[in-house]
Every structure is written in structure tokens, then in C-alpha cells.
Amino acid sequence: MTNKNSKVEFLPRSHFQELIEHLQQAGYTCVGPQVHEHAIHYAELAHADFLPQGMSEEQSPGQYRLHEAGHDRYFAWANGPQALKPLLFTPREALWQSSNNCEDNASLCFKELIPEQRPLAVIGARACDLAALYIHDKHFLQHGYRDPYYLARRKNMLLIAVNCTHPADTCFCASTGDGPRATYGYDLLLNELDDGFIIESHSEKGVAIQTQLNLQAAEASQLEQANDAVEQAAARQTRGLPAQNLSQPLLDNLHHPHWEEVAQRCLSCGNCTAVCPTCFCHSELDEPVLDGSHSVHYRQWDSCFCQKHSYIHGMTIRDTAGLRYRQWMTHKLGSWHEQFGRSGCVGCGRCITWCPVGIDITEEAKVICSGDQHD
Ligand code: SF4
Ligand code: SF4
């Protein structure tokens with residue numbers, strides 16, 4: 001919901017650096033999209049010059065290519081392999097340390113390793129990223145089970161969203177109801193036009209930053225242009241899941257032959273779960289130092305596509321790629337509804353683009369949920 005003090009104003013592109021400077025003066029470390037190793041990633045952003053100006057991308061199953069597109073825009077692309085997930089739920093993190101060098105002469109003592117987190121301002125969050133964040137907040141901050149590591153990062157985060165106007169061929173957020181327009185979960189919202197941005201604030205923190213920019217109100221023609229661009233972005237999406245809740249169709253088709261057909265192609269590499277903004281499976285391990293004085297306990301991302309992930313009581317219960325793919329999809333699109341009241345898919349399309357063999361969740365779900373067994 002828009003803050004009562006919110007104003008809808010125009011920020012010329014030539015003044016974008018001022019937004020970054022005001023955030024920095026307010027104590028935030030800015031994080032924004034940048035080109036790194038031929039893809040767009042979030043990284044610490046010192047200056048607007050490092051944003052991916054003029055870049056666009058082509059995405060299709062198993063393909064991602066960035067190119068210079070001959071425009072001046074900063075955000076004329078859909079998404080890179082990384083969502084907000086690694087900023088909050090880090091790929092590998094030390095949780096606690098045990099030591100035999102204790103102050104109170106105890107034989108063993110434990111110390112929690114809660115991260116000290118600088119306030120972060122994340123520039124460029126997309127609607128699908130915010131939807132995924134809503135799910136992770138429900139998971140990591142649920143009543144009675146708050147994850148202190150996630151919380152330490154989350155409570156200091158300011159989010160500056162950008163409405164999507166250049167969806168990739170693999171995007172289907174319109175069909176999941178999560179985009180391309182951001183409608184919640186952010187402090188400031190940007191709509192990019194040829195010469196600048198419509199900016200509006202949705203929180204007190206956002207209002208405080210926007211007020212310092214001393215901007216003019218946006219014109220009606222600019223608002224119309226911004227609105228049309230987002231509507232056209234939604235209309236351009238061609239992929240989609242068969243329905244928002246696939247729990248029953250998936251349960252009805254647990255023995256569909258198409259699971260095996262997918263398994264023949266699936267490499268069990270886990271790329272899909274690594275890039276997915278909502279996947280949160282992890283494993284835990286202890287790493288003792290060689291002199292035996294202490295040991296550090298880590299949490300690191302895991303994947304339901306790894307054989308070891310389903311190892312339990314002396315056996316691996318999902319020992320084939322078919323069973324593992326079925327677990328992933330039936331959880332993500334089915335039983336997630338019981339856990340979180342919605343699907344675990346926000347339609348970002350990353351698992352389609354970054355699957356090395358181009359397995360497409362929308363196509364596979366359509367075949368399996370149709371019940372049609374003539375594969
Ligand atoms: S399942 Fe695929 S399309 Fe859905 S949120 Fe995860 S990566 Fe994105
Ligand atoms: S579906 Fe694709 S990305 Fe996922 S584990 Fe299989 S091969 Fe890897």
C-alpha cells in the first residue's frame with residue numbers, strides 16, 4: 001500500500017546518482033545489478049556508472065545472452081541468475097562454533113556467530129523477487145522459529161523495486177500473479193522511461209529518501225507511458241503454468257510416464273534449485289580445525305536433486321532423477337500451498353534459462369497435470 005506521504009515524481013536519469021548518494025549518506029551500502037562474467041548480478045554499487053546501462057538480454061530454455069541494445073536504460077532486461085536470495089540466505093554461512101577453550105572451565109562451550117550486518121539498499125528488485133522474498137520471510141521468520149541469521153540481514157534492508165518492461169522469453173510471472181508490476185514489499189518503486197524514472201515511495205524510509213531528491217511531480221503522460229509499458233510486458237509473456245494451484249492434478253499423476261521422460265534428460269545438476277529464488281533446502285556440516293581446539297558449524301545450500309539430500313536411516317529414499325524431479329515439482333507447485341498458502345513458483349523463469357538441458361517447468365507441468373499419458 002502506498003504511504004500517506006508518498007508522492008509520484010519524476011527523476012531524470014542524469015540525477016540517478018543523487019539517489020545513490022542520498023542512500024549512502026543515510027548509512028546504506030547500495031547493492032545493484034551489474035554485469036559480471038557475461039551476466040547481470042547484484043553486487044555492491046558505488047556509482048550509477050556501474051549499472052548495466054544499454055544492456056538487454058535474450059533468454060530461452062538453456063540459453064542466456066547479454067547484448068548492447070543501443071539505448072540508455074539501466075533496467076531494460078528481466079533478470080540474471082541471482083535473485084535476492086543470496087543476500088539474505090547466503091550460499092554458505094557459519095552458524096556457531098564449539099570450542100574446548102572455555103572461560104568457565106567447562107569442557108565444551110558454544111558461541112553463536114550472528115552476522116553483523118550493514119544496512120543494505122537493494123536497487124532493482126523485480127516483482128518476482130519481492131514475491132519470493134515474501135515466501136522466504138514466511139519461512140525464515142515464522143512465529144516461534146525466527147532464523148537469527150536471516151533476520152540480521154533482513155531487518156536492515158531497504159528495497160528499491162523496478163517494474164519490469166522487458167520480460168524474457170522464459171518469464172511467466174503474469175500467470176502466477178506475481179508480476180511484472182511490483183505491488184508490495186518495497187520502500188521505493190521506479191518505473192523506467194526513456195529519459196528517467198517515475199519514483200514513488202511506499203514506506204516512511206522511502207519517503208525520507210525521496211524527499212531529499214527535491215523532484216517535480218510526474219506528468220500524466222509519463223504515468224500513462226509507464227503504465228502502458230508494464231501492461232505490454234505482461235501481454236508479451238507467452239509461457240504459463242496450467243493453474244495457480246496444481247496440488248491435486250500433481251497428486252493425481254504421481255505415476256505419469258512423463259516423470260521418467262524428464263528424468264532421461266535431467267542431469268541432477270541442481271542448477272534449477274540454485275537459481276530459484278524460493279528454494280531454501282540446505283545441509284549442515286561441522287568443520288573441526290586440525291589442532292582440535294574448535295569446530296565451526298556451517299549451513300550451506302543443498303538441492304533436492306542431490307542424491308545425498310534424501311539420505312535417511314541408511315538409505316537414499318529418492319535414488320533416481322525421476323523421483324527427485326517429482327519431489328521438486330510436487331513440493332514447489334503442490335504441497336507448498338499447505339505450507340505457505342501459495343505456490344512456491346513466482347514465475348521468474350530462471351530454472352528454465354539456467355537448466356543446461358532446457359527442461360521447462362511450465363511445459364513439464366502441463367503434460368503431467370493434463371493426465372494425458374500419450375507422451
Ligand atoms: S520454480 Fe523456476 S520459475 Fe518458479 S520461482 Fe523457481 S526458478 Fe523461478
Ligand atoms: S532440471 Fe535441469 S537444472 Fe534442474 S537438476 Fe535437472 S538438468 Fe539440472
# chains A, B, ... in the order shown; residues from 1 in each chain; ligands from 1
$ residues_near_ligand --ligand "ligand 2" --cutoff "8 Å" --atoms "only C-alpha atoms and all ligand atoms" --output "list of chain:residue names"
A:Val262, A:Ala263, A:Arg265, A:Cys266, A:Leu267, A:Ser268, A:Cys269, A:Gly270, A:Asn271, A:Cys272, A:Thr273, A:Phe305, A:Ala321, A:Tyr325, A:Cys351, A:Ile352, A:Trp354, A:Cys355, A:Pro356, A:Val357, A:Gly358, A:Ile359, A:Asp360
$ residues_near_ligand --ligand "ligand 1" --cutoff "8 Å" --atoms "only C-alpha atoms and all ligand atoms" --output "ChimeraX atom specification"
/A:128,132,171-172,272-273,275-279,329,332,344-352,361
$ write_last_selection --atoms "N, CA and C atoms" --output "JSON list (two decimals), in the first residue's frame"
[["chain", "number", "residue", "atom", "x", "y", "z"],
["A", 128, "CYS", "N", 8.90, -10.38, -9.16],
["A", 128, "CYS", "CA", 9.03, -11.81, -8.82],
["A", 128, "CYS", "C", 9.98, -11.98, -7.63],
["A", 132, "ALA", "N", 9.12, -13.71, -4.02],
["A", 132, "ALA", "CA", 9.96, -14.77, -3.43],
["A", 132, "ALA", "C", 10.40, -14.39, -2.01],
["A", 171, "CYS", "N", 10.09, -15.75, -18.88],
["A", 171, "CYS", "CA", 9.31, -15.21, -17.76],
["A", 171, "CYS", "C", 7.84, -15.63, -17.86],
["A", 172, "PHE", "N", 7.23, -15.94, -16.71],
["A", 172, "PHE", "CA", 5.78, -16.18, -16.71],
["A", 172, "PHE", "C", 5.14, -15.69, -15.41],
["A", 272, "CYS", "N", 18.72, -25.65, -11.23],
["A", 272, "CYS", "CA", 17.37, -25.08, -11.09],
["A", 272, "CYS", "C", 17.12, -24.64, -9.65],
["A", 273, "THR", "N", 17.56, -25.42, -8.69],
["A", 273, "THR", "CA", 17.30, -25.06, -7.29],
["A", 273, "THR", "C", 18.25, -23.95, -6.82],
["A", 275, "VAL", "N", 19.33, -21.40, -8.68],
["A", 275, "VAL", "CA", 18.88, -20.10, -9.19],
["A", 275, "VAL", "C", 17.47, -19.76, -8.72],
["A", 276, "CYS", "N", 16.73, -20.74, -8.24],
["A", 276, "CYS", "CA", 15.33, -20.48, -7.84],
["A", 276, "CYS", "C", 15.30, -19.55, -6.61],
["A", 277, "PRO", "N", 14.57, -18.45, -6.70],
["A", 277, "PRO", "CA", 14.56, -17.50, -5.58],
["A", 277, "PRO", "C", 13.81, -18.01, -4.36],
["A", 278, "THR", "N", 13.05, -19.11, -4.49],
["A", 278, "THR", "CA", 12.28, -19.58, -3.34],
["A", 278, "THR", "C", 12.84, -20.86, -2.72],
["A", 279, "CYS", "N", 13.69, -21.61, -3.44],
["A", 279, "CYS", "CA", 14.23, -22.85, -2.87],
["A", 279, "CYS", "C", 15.08, -22.53, -1.63],
["A", 329, "MET", "N", 9.02, -30.76, -8.13],
["A", 329, "MET", "CA", 7.84, -30.11, -8.70],
["A", 329, "MET", "C", 6.61, -30.26, -7.81],
["A", 332, "LYS", "N", 7.15, -27.78, -4.93],
["A", 332, "LYS", "CA", 7.11, -26.37, -5.38],
["A", 332, "LYS", "C", 5.70, -25.95, -5.82],
["A", 344, "GLY", "N", 5.03, -22.26, -4.67],
["A", 344, "GLY", "CA", 6.43, -21.89, -4.45],
["A", 344, "GLY", "C", 7.08, -21.34, -5.70],
["A", 345, "CYS", "N", 6.29, -21.14, -6.75],
["A", 345, "CYS", "CA", 6.85, -20.62, -8.01],
["A", 345, "CYS", "C", 6.33, -19.20, -8.24],
["A", 346, "VAL", "N", 7.24, -18.26, -8.46],
["A", 346, "VAL", "CA", 6.86, -16.87, -8.70],
["A", 346, "VAL", "C", 7.02, -16.49, -10.18],
["A", 347, "GLY", "N", 7.26, -17.49, -11.03],
["A", 347, "GLY", "CA", 7.27, -17.26, -12.47],
["A", 347, "GLY", "C", 8.47, -16.51, -13.01],
["A", 348, "CYS", "N", 9.62, -16.58, -12.30],
["A", 348, "CYS", "CA", 10.79, -15.82, -12.78],
["A", 348, "CYS", "C", 11.44, -16.47, -13.99],
["A", 349, "GLY", "N", 11.21, -17.76, -14.19],
["A", 349, "GLY", "CA", 11.75, -18.46, -15.36],
["A", 349, "GLY", "C", 13.22, -18.84, -15.27],
["A", 350, "ARG", "N", 13.86, -18.55, -14.13],
["A", 350, "ARG", "CA", 15.30, -18.82, -14.04],
["A", 350, "ARG", "C", 15.62, -20.31, -14.21],
["A", 351, "CYS", "N", 14.76, -21.17, -13.63],
["A", 351, "CYS", "CA", 15.07, -22.61, -13.72],
["A", 351, "CYS", "C", 15.02, -23.09, -15.17],
["A", 352, "ILE", "N", 14.27, -22.38, -16.03],
["A", 352, "ILE", "CA", 14.19, -22.76, -17.45],
["A", 352, "ILE", "C", 15.47, -22.30, -18.16],
["A", 361, "ILE", "N", 9.74, -25.98, -16.65],
["A", 361, "ILE", "CA", 8.74, -26.33, -15.64],
["A", 361, "ILE", "C", 7.31, -26.13, -16.17]]
$ residues_around --residues "Lys138 in chain A" --least-positions-apart "3" --cutoff "12 Å" --atoms "only C-alpha atoms" --output "PDB file with N, CA and C atoms, in the first residue's frame"
ATOM      1  N   ALA A 131       8.077 -11.210  -4.498  1.00  0.00           N
ATOM      2  CA  ALA A 131       7.154 -12.307  -4.163  1.00  0.00           C
ATOM      3  C   ALA A 131       7.926 -13.448  -3.501  1.00  0.00           C
ATOM      4  N   ALA A 132       9.124 -13.714  -4.017  1.00  0.00           N
ATOM      5  CA  ALA A 132       9.958 -14.774  -3.427  1.00  0.00           C
ATOM      6  C   ALA A 132      10.398 -14.386  -2.014  1.00  0.00           C
ATOM      7  N   LEU A 133      10.677 -13.101  -1.849  1.00  0.00           N
ATOM      8  CA  LEU A 133      11.086 -12.612  -0.526  1.00  0.00           C
ATOM      9  C   LEU A 133       9.947 -12.784   0.480  1.00  0.00           C
ATOM     10  N   TYR A 134       8.726 -12.547   0.040  1.00  0.00           N
ATOM     11  CA  TYR A 134       7.556 -12.726   0.910  1.00  0.00           C
ATOM     12  C   TYR A 134       7.506 -14.183   1.406  1.00  0.00           C
ATOM     13  N   ILE A 135       7.796 -15.122   0.501  1.00  0.00           N
ATOM     14  CA  ILE A 135       7.781 -16.546   0.879  1.00  0.00           C
ATOM     15  C   ILE A 135       8.929 -16.840   1.854  1.00  0.00           C
ATOM     16  N   LEU A 141      11.064 -16.439   9.077  1.00  0.00           N
ATOM     17  CA  LEU A 141      10.678 -15.596  10.216  1.00  0.00           C
ATOM     18  C   LEU A 141       9.360 -16.039  10.824  1.00  0.00           C
ATOM     19  N   GLN A 142       9.001 -17.318  10.630  1.00  0.00           N
ATOM     20  CA  GLN A 142       7.706 -17.738  11.150  1.00  0.00           C
ATOM     21  C   GLN A 142       7.703 -17.699  12.668  1.00  0.00           C
ATOM     22  N   HIS A 143       6.520 -17.432  13.212  1.00  0.00           N
ATOM     23  CA  HIS A 143       6.371 -17.207  14.638  1.00  0.00           C
ATOM     24  C   HIS A 143       6.956 -18.377  15.443  1.00  0.00           C
ATOM     25  N   GLY A 144       7.843 -18.045  16.367  1.00  0.00           N
ATOM     26  CA  GLY A 144       8.419 -19.087  17.223  1.00  0.00           C
ATOM     27  C   GLY A 144       9.666 -19.736  16.651  1.00  0.00           C
ATOM     28  N   TYR A 145       9.945 -19.528  15.347  1.00  0.00           N
ATOM     29  CA  TYR A 145      11.114 -20.178  14.722  1.00  0.00           C
ATOM     30  C   TYR A 145      11.899 -19.167  13.893  1.00  0.00           C
ATOM     31  N   ARG A 146      12.137 -17.998  14.440  1.00  0.00           N
ATOM     32  CA  ARG A 146      12.833 -16.968  13.673  1.00  0.00           C
ATOM     33  C   ARG A 146      14.288 -17.336  13.468  1.00  0.00           C
ATOM     34  N   ASP A 147      14.726 -17.254  12.231  1.00  0.00           N
ATOM     35  CA  ASP A 147      16.116 -17.563  11.919  1.00  0.00           C
ATOM     36  C   ASP A 147      16.942 -16.297  12.176  1.00  0.00           C
ATOM     37  N   TYR A 150      19.090 -14.927   9.081  1.00  0.00           N
ATOM     38  CA  TYR A 150      18.273 -14.264   8.053  1.00  0.00           C
ATOM     39  C   TYR A 150      17.779 -12.919   8.590  1.00  0.00           C
ATOM     40  N   LEU A 151      17.290 -12.924   9.834  1.00  0.00           N
ATOM     41  CA  LEU A 151      16.714 -11.712  10.421  1.00  0.00           C
ATOM     42  C   LEU A 151      17.738 -10.578  10.505  1.00  0.00           C
ATOM     43  N   THR A 278      13.050 -19.108  -4.492  1.00  0.00           N
ATOM     44  CA  THR A 278      12.278 -19.581  -3.336  1.00  0.00           C
ATOM     45  C   THR A 278      12.842 -20.860  -2.716  1.00  0.00           C
ATOM     46  N   PHE A 280      14.863 -23.282  -0.571  1.00  0.00           N
ATOM     47  CA  PHE A 280      15.633 -22.990   0.655  1.00  0.00           C
ATOM     48  C   PHE A 280      16.252 -24.238   1.276  1.00  0.00           C
ATOM     49  N   TRP A 336       3.522 -26.948  -1.344  1.00  0.00           N
ATOM     50  CA  TRP A 336       3.872 -25.609  -0.881  1.00  0.00           C
ATOM     51  C   TRP A 336       2.603 -24.839  -0.466  1.00  0.00           C
ATOM     52  N   GLN A 339       1.921 -25.448   3.077  1.00  0.00           N
ATOM     53  CA  GLN A 339       2.931 -24.844   3.959  1.00  0.00           C
ATOM     54  C   GLN A 339       2.833 -23.328   4.017  1.00  0.00           C
ATOM     55  N   PHE A 340       2.642 -22.704   2.855  1.00  0.00           N
ATOM     56  CA  PHE A 340       2.780 -21.251   2.793  1.00  0.00           C
ATOM     57  C   PHE A 340       1.548 -20.539   2.218  1.00  0.00           C
ATOM     58  N   GLY A 341       0.515 -21.290   1.888  1.00  0.00           N
ATOM     59  CA  GLY A 341      -0.711 -20.674   1.376  1.00  0.00           C
ATOM     60  C   GLY A 341      -0.598 -20.169  -0.045  1.00  0.00           C
ATOM     61  N   ARG A 342       0.429 -20.591  -0.747  1.00  0.00           N
ATOM     62  CA  ARG A 342       0.577 -20.212  -2.151  1.00  0.00           C
ATOM     63  C   ARG A 342       1.576 -21.170  -2.808  1.00  0.00           C
ATOM     64  N   GLY A 344       5.032 -22.264  -4.673  1.00  0.00           N
ATOM     65  CA  GLY A 344       6.431 -21.891  -4.453  1.00  0.00           C
ATOM     66  C   GLY A 344       7.080 -21.339  -5.699  1.00  0.00           C
TER      67      GLY A 344
END
$ residues_around --residues "Asp228 in chain A" --least-positions-apart "5" --cutoff "12 Å" --atoms "only C-alpha atoms" --output "PyMOL selection string"
chain A and resi 163-165+180-181+191-193+221-223+233-235
$ residues_around --residues "Asp195 in chain A" --least-positions-apart "4" --cutoff "9 Å" --atoms "only C-alpha atoms" --output "list in words"
Leu11, Pro12, Arg13, Ser14, Asp72 and Arg73 of chain A
$ select_by_dssp --residues "range 164-284 of chain A" --states "alpha helix (DSSP H)" --output "VMD selection string"
chain A and resid 173 to 176 204 to 211 220 to 236 247 to 252 258 to 265 271 to 275
$ write_last_selection --atoms "C-alpha atoms" --output "PDB file, in the first residue's frame"
ATOM      1  CA  CYS A 173       5.148 -14.039 -13.613  1.00  0.00           C
ATOM      2  CA  ALA A 174       1.862 -12.778 -15.121  1.00  0.00           C
ATOM      3  CA  SER A 175       0.467 -16.329 -14.972  1.00  0.00           C
ATOM      4  CA  THR A 176       1.481 -16.825 -11.327  1.00  0.00           C
ATOM      5  CA  GLU A 204       8.498   6.073   5.804  1.00  0.00           C
ATOM      6  CA  LYS A 205      12.099   5.187   4.969  1.00  0.00           C
ATOM      7  CA  GLY A 206      11.313   5.562   1.269  1.00  0.00           C
ATOM      8  CA  VAL A 207       9.568   8.920   1.810  1.00  0.00           C
ATOM      9  CA  ALA A 208      12.598  10.213   3.739  1.00  0.00           C
ATOM     10  CA  ILE A 209      14.964   9.362   0.878  1.00  0.00           C
ATOM     11  CA  GLN A 210      12.668  10.616  -1.887  1.00  0.00           C
ATOM     12  CA  THR A 211      12.017  13.955  -0.121  1.00  0.00           C
ATOM     13  CA  ALA A 220       0.067  12.468 -16.552  1.00  0.00           C
ATOM     14  CA  SER A 221       1.595  11.478 -19.910  1.00  0.00           C
ATOM     15  CA  GLN A 222       4.612   9.960 -18.118  1.00  0.00           C
ATOM     16  CA  LEU A 223       2.359   7.949 -15.799  1.00  0.00           C
ATOM     17  CA  GLU A 224       0.374   6.699 -18.767  1.00  0.00           C
ATOM     18  CA  GLN A 225       3.556   5.717 -20.612  1.00  0.00           C
ATOM     19  CA  ALA A 226       4.852   3.823 -17.567  1.00  0.00           C
ATOM     20  CA  ASN A 227       1.554   2.030 -17.031  1.00  0.00           C
ATOM     21  CA  ASP A 228       1.284   1.015 -20.712  1.00  0.00           C
ATOM     22  CA  ALA A 229       4.837  -0.360 -20.688  1.00  0.00           C
ATOM     23  CA  VAL A 230       4.107  -2.690 -17.749  1.00  0.00           C
ATOM     24  CA  GLU A 231       0.809  -3.843 -19.255  1.00  0.00           C
ATOM     25  CA  GLN A 232       2.527  -4.591 -22.550  1.00  0.00           C
ATOM     26  CA  ALA A 233       5.239  -6.502 -20.684  1.00  0.00           C
ATOM     27  CA  ALA A 234       2.563  -8.726 -19.140  1.00  0.00           C
ATOM     28  CA  ALA A 235       0.877  -9.232 -22.506  1.00  0.00           C
ATOM     29  CA  ARG A 236       4.167 -10.287 -24.143  1.00  0.00           C
ATOM     30  CA  SER A 247      -1.716 -29.718  -5.823  1.00  0.00           C
ATOM     31  CA  GLN A 248      -4.486 -32.065  -6.914  1.00  0.00           C
ATOM     32  CA  PRO A 249      -3.506 -32.545 -10.584  1.00  0.00           C
ATOM     33  CA  LEU A 250       0.043 -33.404  -9.482  1.00  0.00           C
ATOM     34  CA  LEU A 251      -1.148 -35.828  -6.791  1.00  0.00           C
ATOM     35  CA  ASP A 252      -3.441 -37.453  -9.357  1.00  0.00           C
ATOM     36  CA  HIS A 258       6.390 -38.146 -18.223  1.00  0.00           C
ATOM     37  CA  TRP A 259       8.333 -38.089 -14.917  1.00  0.00           C
ATOM     38  CA  GLU A 260      10.604 -40.717 -16.431  1.00  0.00           C
ATOM     39  CA  GLU A 261      10.846 -38.841 -19.723  1.00  0.00           C
ATOM     40  CA  VAL A 262      12.094 -35.750 -17.835  1.00  0.00           C
ATOM     41  CA  ALA A 263      14.475 -37.960 -15.839  1.00  0.00           C
ATOM     42  CA  GLN A 264      16.091 -39.136 -19.089  1.00  0.00           C
ATOM     43  CA  ARG A 265      17.099 -35.517 -19.781  1.00  0.00           C
ATOM     44  CA  ASN A 271      21.154 -25.532 -11.222  1.00  0.00           C
ATOM     45  CA  CYS A 272      17.374 -25.082 -11.087  1.00  0.00           C
ATOM     46  CA  THR A 273      17.304 -25.065  -7.288  1.00  0.00           C
ATOM     47  CA  ALA A 274      20.404 -22.832  -7.009  1.00  0.00           C
ATOM     48  CA  VAL A 275      18.880 -20.099  -9.188  1.00  0.00           C
TER      49      VAL A 275
END
$ select_by_dssp --residues "range 14-67 of chain A" --states "strand (DSSP E or B)" --output "PDB file with N, CA and C atoms, in the first residue's frame"
ATOM      1  N   THR A  29      24.673   0.792   2.476  1.00  0.00           N
ATOM      2  CA  THR A  29      25.550   0.308   1.416  1.00  0.00           C
ATOM      3  C   THR A  29      24.630  -0.069   0.267  1.00  0.00           C
ATOM      4  N   CYS A  30      24.858   0.509  -0.901  1.00  0.00           N
ATOM      5  CA  CYS A  30      23.965   0.210  -2.036  1.00  0.00           C
ATOM      6  C   CYS A  30      24.405  -1.079  -2.724  1.00  0.00           C
ATOM      7  N   VAL A  31      23.419  -1.843  -3.124  1.00  0.00           N
ATOM      8  CA  VAL A  31      23.643  -3.066  -3.892  1.00  0.00           C
ATOM      9  C   VAL A  31      22.775  -2.945  -5.137  1.00  0.00           C
ATOM     10  N   GLY A  32      23.350  -3.220  -6.290  1.00  0.00           N
ATOM     11  CA  GLY A  32      22.563  -3.078  -7.518  1.00  0.00           C
ATOM     12  C   GLY A  32      23.073  -4.001  -8.605  1.00  0.00           C
ATOM     13  N   PRO A  33      22.305  -4.115  -9.687  1.00  0.00           N
ATOM     14  CA  PRO A  33      22.683  -5.022 -10.775  1.00  0.00           C
ATOM     15  C   PRO A  33      23.890  -4.508 -11.548  1.00  0.00           C
ATOM     16  N   GLN A  34      24.778  -5.430 -11.859  1.00  0.00           N
ATOM     17  CA  GLN A  34      25.982  -5.088 -12.632  1.00  0.00           C
ATOM     18  C   GLN A  34      26.361  -6.272 -13.503  1.00  0.00           C
ATOM     19  N   VAL A  35      27.062  -5.971 -14.595  1.00  0.00           N
ATOM     20  CA  VAL A  35      27.478  -7.066 -15.480  1.00  0.00           C
ATOM     21  C   VAL A  35      28.748  -7.690 -14.918  1.00  0.00           C
ATOM     22  N   HIS A  36      28.681  -8.995 -14.748  1.00  0.00           N
ATOM     23  CA  HIS A  36      29.836  -9.732 -14.239  1.00  0.00           C
ATOM     24  C   HIS A  36      29.851 -11.092 -14.920  1.00  0.00           C
ATOM     25  N   ALA A  39      26.891 -11.900 -17.324  1.00  0.00           N
ATOM     26  CA  ALA A  39      25.516 -11.992 -16.803  1.00  0.00           C
ATOM     27  C   ALA A  39      25.291 -10.845 -15.828  1.00  0.00           C
ATOM     28  N   ILE A  40      24.026 -10.573 -15.513  1.00  0.00           N
ATOM     29  CA  ILE A  40      23.719  -9.495 -14.575  1.00  0.00           C
ATOM     30  C   ILE A  40      23.587 -10.074 -13.172  1.00  0.00           C
ATOM     31  N   HIS A  41      24.371  -9.523 -12.246  1.00  0.00           N
ATOM     32  CA  HIS A  41      24.386  -9.974 -10.853  1.00  0.00           C
ATOM     33  C   HIS A  41      24.193  -8.773  -9.938  1.00  0.00           C
ATOM     34  N   TYR A  42      23.701  -9.021  -8.726  1.00  0.00           N
ATOM     35  CA  TYR A  42      23.695  -7.974  -7.706  1.00  0.00           C
ATOM     36  C   TYR A  42      25.068  -7.920  -7.045  1.00  0.00           C
ATOM     37  N   ALA A  43      25.574  -6.703  -6.874  1.00  0.00           N
ATOM     38  CA  ALA A  43      26.846  -6.514  -6.170  1.00  0.00           C
ATOM     39  C   ALA A  43      26.858  -5.112  -5.589  1.00  0.00           C
ATOM     40  N   GLU A  44      27.801  -4.855  -4.704  1.00  0.00           N
ATOM     41  CA  GLU A  44      27.893  -3.538  -4.091  1.00  0.00           C
ATOM     42  C   GLU A  44      28.028  -2.485  -5.190  1.00  0.00           C
ATOM     43  N   MET A  55      22.101  -2.331 -21.710  1.00  0.00           N
ATOM     44  CA  MET A  55      22.133  -3.785 -21.908  1.00  0.00           C
ATOM     45  C   MET A  55      20.718  -4.367 -21.984  1.00  0.00           C
ATOM     46  N   SER A  56      20.567  -5.343 -22.810  1.00  0.00           N
ATOM     47  CA  SER A  56      19.359  -6.168 -22.821  1.00  0.00           C
ATOM     48  C   SER A  56      19.818  -7.611 -22.911  1.00  0.00           C
ATOM     49  N   GLU A  57      18.863  -8.535 -22.844  1.00  0.00           N
ATOM     50  CA  GLU A  57      19.267  -9.936 -22.812  1.00  0.00           C
ATOM     51  C   GLU A  57      18.325 -10.774 -23.651  1.00  0.00           C
ATOM     52  N   GLU A  58      18.818 -11.946 -24.029  1.00  0.00           N
ATOM     53  CA  GLU A  58      17.950 -12.948 -24.656  1.00  0.00           C
ATOM     54  C   GLU A  58      18.006 -14.182 -23.772  1.00  0.00           C
ATOM     55  N   GLN A  59      16.839 -14.682 -23.422  1.00  0.00           N
ATOM     56  CA  GLN A  59      16.784 -15.909 -22.618  1.00  0.00           C
ATOM     57  C   GLN A  59      15.844 -16.897 -23.292  1.00  0.00           C
ATOM     58  N   SER A  60      16.209 -18.145 -23.239  1.00  0.00           N
ATOM     59  CA  SER A  60      15.350 -19.228 -23.728  1.00  0.00           C
ATOM     60  C   SER A  60      15.783 -20.476 -22.961  1.00  0.00           C
ATOM     61  N   GLN A  63      19.505 -21.122 -22.346  1.00  0.00           N
ATOM     62  CA  GLN A  63      20.275 -20.071 -23.020  1.00  0.00           C
ATOM     63  C   GLN A  63      20.118 -18.734 -22.307  1.00  0.00           C
ATOM     64  N   TYR A  64      21.216 -17.993 -22.191  1.00  0.00           N
ATOM     65  CA  TYR A  64      21.196 -16.629 -21.651  1.00  0.00           C
ATOM     66  C   TYR A  64      22.291 -15.858 -22.367  1.00  0.00           C
ATOM     67  N   ARG A  65      21.927 -14.768 -23.023  1.00  0.00           N
ATOM     68  CA  ARG A  65      22.922 -13.936 -23.711  1.00  0.00           C
ATOM     69  C   ARG A  65      22.633 -12.471 -23.439  1.00  0.00           C
ATOM     70  N   LEU A  66      23.644 -11.741 -22.970  1.00  0.00           N
ATOM     71  CA  LEU A  66      23.519 -10.287 -22.794  1.00  0.00           C
ATOM     72  C   LEU A  66      24.020  -9.621 -24.064  1.00  0.00           C
ATOM     73  N   HIS A  67      23.439  -8.482 -24.431  1.00  0.00           N
ATOM     74  CA  HIS A  67      23.972  -7.728 -25.561  1.00  0.00           C
ATOM     75  C   HIS A  67      23.746  -6.239 -25.367  1.00  0.00           C
TER      76      HIS A  67
END
$ residues_around --residues "Pro148 in chain A" --least-positions-apart "6" --cutoff "12 Å" --atoms "only C-alpha atoms" --output "VMD selection string"
chain A and resid 88 to 89 95 to 96 112 to 117 137 140 to 142 154 to 155
$ write_last_selection --atoms "C-alpha atoms" --output "short mmCIF file (atom, residue, chain, number, x, y, z; two decimals), in the first residue's frame"
data_model
loop_
_atom_site.label_atom_id
_atom_site.label_comp_id
_atom_site.auth_asym_id
_atom_site.auth_seq_id
_atom_site.Cartn_x
_atom_site.Cartn_y
_atom_site.Cartn_z
CA LEU A 88 19.67 -12.94 2.90
CA PHE A 89 20.04 -16.72 2.87
CA LEU A 95 26.15 -20.67 12.36
CA TRP A 96 28.04 -21.45 15.53
CA GLU A 112 26.53 -18.29 18.10
CA LEU A 113 28.00 -16.47 15.08
CA ILE A 114 25.26 -13.94 14.24
CA PRO A 115 26.39 -11.73 11.35
CA GLU A 116 26.85 -8.02 11.94
CA GLN A 117 25.04 -6.56 9.00
CA ASP A 137 10.04 -14.15 5.16
CA PHE A 140 12.60 -17.94 7.92
CA LEU A 141 10.68 -15.60 10.22
CA GLN A 142 7.71 -17.74 11.15
CA ARG A 154 16.51 -8.69 6.56
CA LYS A 155 15.79 -6.05 9.22
#
$ atom_distance --atom1 "CA of His22 in chain A" --atom2 "CA of Val8 in chain A"
18.0 Å
